[in-house]
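Student: protein-v8.pdb (PDB, C-alpha atoms) pasted underneath:
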```
ATOM      1  CA  GLY Y   1      25.037 -34.324  13.914
ATOM      2  CA  MET Y   2      28.446 -34.845  12.401
ATOM      3  CA  GLN Y   3      31.996 -34.536  13.645
ATOM      4  CA  PHE Y   4      34.851 -33.241  11.460
ATOM      5  CA  GLY Y   5      38.599 -33.635  11.830
ATOM      6  CA  TRP Y   6      41.429 -32.361   9.643
ATOM      7  CA  SER Y   7      44.974 -33.683   9.411
ATOM      8  CA  ALA Y   8      47.866 -32.729   7.147
ATOM      9  CA  VAL Y   9      51.189 -34.236   6.074
ATOM     10  CA  SER Y  10      53.954 -32.488   4.134
ATOM     11  CA  SER Y  11      55.971 -34.034   1.290
ATOM     12  CA  ASP Y  12      58.865 -34.807   3.670
ATOM     13  CA  GLY Y  13      56.531 -36.972   5.776
ATOM     14  CA  SER Y  14      56.217 -34.555   8.682
ATOM     15  CA  THR Y  15      52.814 -33.879  10.193
ATOM     16  CA  LEU Y  16      51.570 -30.308  10.063
ATOM     17  CA  VAL Y  17      50.314 -29.510  13.562
ATOM     18  CA  LEU Y  18      46.784 -28.163  13.292
ATOM     19  CA  SER Y  19      46.004 -26.441  16.581
ATOM     20  CA  SER Y  20      42.326 -25.718  17.129
ATOM     21  CA  SER Y  21      43.068 -22.129  18.191
ATOM     22  CA  ARG Y  22      44.861 -21.219  14.916
ATOM     23  CA  HIS Y  23      43.284 -23.536  12.366
ATOM     24  CA  LYS Y  24      39.750 -24.389  13.529
ATOM     25  CA  SER Y  25      40.431 -28.019  12.634
ATOM     26  CA  ASP Y  26      37.044 -29.239  13.907
ATOM     27  CA  SER Y  27      34.910 -27.553  11.226
ATOM     28  CA  LEU Y  28      34.125 -27.936   7.529
ATOM     29  CA  VAL Y  29      36.347 -24.984   6.626
ATOM     30  CA  LEU Y  30      40.086 -25.156   7.349
ATOM     31  CA  SER Y  31      42.097 -21.927   7.108
ATOM     32  CA  ILE Y  32      45.885 -22.195   7.200
ATOM     33  CA  PRO Y  33      47.899 -18.983   7.673
ATOM     34  CA  LYS Y  34      50.435 -18.663   4.843
ATOM     35  CA  GLU Y  35      53.346 -18.538   7.284
ATOM     36  CA  ASP Y  36      52.491 -22.114   8.369
ATOM     37  CA  LEU Y  37      53.267 -23.495   4.894
ATOM     38  CA  THR Y  38      56.703 -23.858   3.284
ATOM     39  CA  VAL Y  39      57.255 -22.665  -0.290
ATOM     40  CA  GLY Y  40      58.255 -25.640  -2.458
ATOM     41  CA  ALA Y  41      56.646 -28.236  -0.189
ATOM     42  CA  SER Y  42      53.671 -30.402  -1.093
ATOM     43  CA  TYR Y  43      50.916 -31.136   1.403
ATOM     44  CA  THR Y  44      48.141 -33.687   1.666
ATOM     45  CA  PHE Y  45      45.150 -32.644   3.751
ATOM     46  CA  ARG Y  46      42.626 -35.203   4.991
ATOM     47  CA  LEU Y  47      39.107 -34.504   6.225
ATOM     48  CA  THR Y  48      37.527 -37.260   8.284
ATOM     49  CA  THR Y  49      33.782 -36.975   8.815
ATOM     50  CA  ALA Y  50      31.975 -39.190  11.319
ATOM     51  CA  LEU Y  51      28.416 -39.485  12.555
ATOM     52  CA  LEU Y  52      28.107 -38.320  16.169
ATOM     53  CA  GLY Y  53      27.127 -41.230  18.380
ATOM     54  CA  ASN Y  54      28.198 -43.770  15.759
ATOM     55  CA  PRO Y  55      31.875 -43.238  14.772
ATOM     56  CA  VAL Y  56      31.794 -46.373  12.597
ATOM     57  CA  VAL Y  57      29.782 -44.377  10.058
ATOM     58  CA  ARG Y  58      32.537 -42.233   8.577
ATOM     59  CA  SER Y  59      33.997 -40.901   5.367
ATOM     60  CA  ILE Y  60      37.468 -39.662   4.452
ATOM     61  CA  SER Y  61      38.450 -37.243   1.704
ATOM     62  CA  GLU Y  62      41.980 -36.113   0.773
ATOM     63  CA  THR Y  63      43.367 -33.294  -1.323
ATOM     64  CA  SER Y  64      46.979 -32.484  -2.193
ATOM     65  CA  PHE Y  65      48.709 -29.335  -3.386
ATOM     66  CA  GLU Y  66      52.142 -27.729  -3.733
ATOM     67  CA  VAL Y  67      52.984 -24.328  -2.276
ATOM     68  CA  VAL Y  68      54.618 -22.235  -5.009
ATOM     69  CA  SER Y  69      56.500 -18.980  -4.733
ATOM     70  CA  MET Y  70      54.569 -15.990  -6.008
ATOM     71  CA  PRO Y  71      56.372 -13.362  -8.104
ATOM     72  CA  LEU Y  72      57.186  -9.989  -6.576
ATOM     73  CA  VAL Y  73      54.631  -7.273  -7.261
ATOM     74  CA  VAL Y  74      56.537  -4.158  -8.325
ATOM     75  CA  ALA Y  75      54.546  -0.925  -8.360
ATOM     76  CA  VAL Y  76      56.454   2.264  -9.190
ATOM     77  CA  SER Y  77      54.658   5.582  -9.429
ATOM     78  CA  GLY Y  78      56.047   8.899 -10.600
ATOM     79  CA  GLY Y  79      57.670   7.781 -13.855
ATOM     80  CA  GLU Y  80      56.794   8.732 -17.412
ATOM     81  CA  VAL Y  81      57.392  12.461 -16.840
ATOM     82  CA  GLU Y  82      59.155  15.182 -18.779
ATOM     83  CA  THR Y  83      61.023  17.745 -16.716
ATOM     84  CA  GLY Y  84      63.848  20.231 -16.847
ATOM     85  CA  ASP Y  85      67.388  19.261 -15.877
ATOM     86  CA  SER Y  86      67.171  21.045 -12.516
ATOM     87  CA  THR Y  87      63.780  19.665 -11.460
ATOM     88  CA  PRO Y  88      63.894  16.540  -9.280
ATOM     89  CA  ILE Y  89      61.812  13.512 -10.167
ATOM     90  CA  LYS Y  90      60.341  11.412  -7.381
ATOM     91  CA  LEU Y  91      59.718   7.718  -8.019
ATOM     92  CA  ASP Y  92      57.841   5.772  -5.341
ATOM     93  CA  ALA Y  93      57.900   1.965  -4.989
ATOM     94  CA  SER Y  94      56.304   1.821  -1.524
ATOM     95  CA  ASN Y  95      53.288  -0.091  -2.908
ATOM     96  CA  SER Y  96      55.522  -2.967  -4.077
ATOM     97  CA  LEU Y  97      55.218  -6.229  -2.168
ATOM     98  CA  ASP Y  98      56.342  -9.814  -1.816
ATOM     99  CA  PRO Y  99      53.190 -11.948  -1.478
ATOM    100  CA  ASP Y 100      55.255 -14.704   0.212
ATOM    101  CA  SER Y 101      56.696 -12.501   2.992
ATOM    102  CA  ALA Y 102      55.551 -10.225   5.765
ATOM    103  CA  PRO Y 103      55.080  -6.555   4.771
ATOM    104  CA  GLY Y 104      58.195  -4.402   4.787
ATOM    105  CA  LEU Y 105      60.710  -7.159   4.040
ATOM    106  CA  ILE Y 106      61.533  -6.089   0.477
ATOM    107  CA  GLU Y 107      64.962  -4.765  -0.403
ATOM    108  CA  PHE Y 108      65.176  -2.260  -3.270
ATOM    109  CA  GLU Y 109      67.972  -1.562  -5.699
ATOM    110  CA  TRP Y 110      67.559   1.427  -7.971
ATOM    111  CA  ASN Y 111      69.314   1.659 -11.351
ATOM    112  CA  CYS Y 112      69.132   4.266 -14.061
ATOM    113  CA  THR Y 113      70.411   4.287 -17.631
ATOM    114  CA  LEU Y 114      70.657   7.161 -20.093
ATOM    115  CA  THR Y 115      68.777   5.878 -23.161
ATOM    116  CA  SER Y 116      68.907   8.946 -25.429
ATOM    117  CA  MET Y 117      69.997  12.560 -25.356
ATOM    118  CA  MET Y 118      68.889  15.311 -27.701
ATOM    119  CA  THR Y 119      69.663  19.006 -27.666
ATOM    120  CA  ASN Y 120      66.809  19.842 -25.333
ATOM    121  CA  HIS Y 121      65.513  16.382 -24.346
ATOM    122  CA  THR Y 122      67.121  13.607 -22.291
ATOM    123  CA  THR Y 123      65.474  10.235 -21.708
ATOM    124  CA  PHE Y 124      66.399   8.017 -18.782
ATOM    125  CA  GLU Y 125      65.305   4.453 -18.293
ATOM    126  CA  GLY Y 126      65.438   3.005 -14.782
ATOM    127  CA  ASP Y 127      65.258  -0.691 -13.925
ATOM    128  CA  ASN Y 128      63.281   0.169 -10.855
ATOM    129  CA  GLY Y 129      63.942   3.641  -9.736
ATOM    130  CA  VAL Y 130      65.697   6.931  -9.324
ATOM    131  CA  CYS Y 131      68.039   8.557 -11.825
TER     132      CYS Y 131
END
```
Give the structure from this file in structure tokens form.

Tutor:
Amino acid sequence: GMQFGWSAVSSDGSTLVLSSSRHKSDSLVLSIPKEDLTVGASYTFRLTTALLGNPVVRSISETSFEVVSMPLVVAVSGGEVETGDSTPIKLDASNSLDPDSAPGLIEFEWNCTLTSMMTNHTTFEGDNGVC
């Protein structure tokens, strides 16, 4: 059989602690929870493979990558409607998310601009929300 061991170093030279309970660092597949990595940092991961019973027979492979910030995913439903001036319009951005953060940590700012006004038709344009 074979024995596997992972190690990781960040771009600042610090070692990323790979605990066997969170990272399963003794297998061919290494899964790192996103909260364990820092956006903007580079990491080098090393896999050392050795033959059980004869650790002299071994191989090492390395891979490096940078953790980049993902753009916000903005999802607004309820727009693109025509209605009377006394009928409320409901816009919903609850499906928006920040792929780099835990759910529910997004702050919203709603803006609305009057873009045109006709005798019986008014058009509003919102940056991300309610008018």

Student: Check what the PyMOL selection byres ((chain Y and resi 72) around 12) selects in the file above and give those residues as a ChimeraX atom specification.

Tutor: /Y:69-71,73-75,95-101,105-108

Student: So which residues touch Y:Val9 within 9 Å, counting all atoms listed in the file, skipping near sequence neighbours fewer than 2 positions away, as a PyMOL selection string?

Tutor: chain Y and resi 7+11-17+42-46

Student: Could you check which of Y:Cys112, Y:Lys34, Y:Val39, Y:Ala93 is closest to Y:Val76, using only C-alpha atoms?

Tutor: Y:Ala93

Student: How far is it from atom CA of Y:Glu66 to atom CA of Y:Ser27, in Å with one decimal?

Tutor: 22.8 Å

Student: Can you list, as a ChimeraX atom specification, every protein, DNA or RNA residue that comes within 6 Å of Y:Thr48 when you count all atoms listed in the file, leaving out same-chain residues fewer than 5 positions away?

Tutor: /Y:4-5,59-60

Student: Which is closest to Y:Ser77 among Y:Leu52, Y:Ile32, Y:Ala8, Y:Leu91, if we use all atoms listed in the file?

Tutor: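 Of the candidates, the smallest distance to Y:Ser77 is held by Y:Leu91.
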
Student: How many Å lie between atom CA of Y:Arg22 and atom CA of Y:Gln3, rounded to one decimal?

Tutor: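 Here the two named atoms are 18.6 Å from each other.
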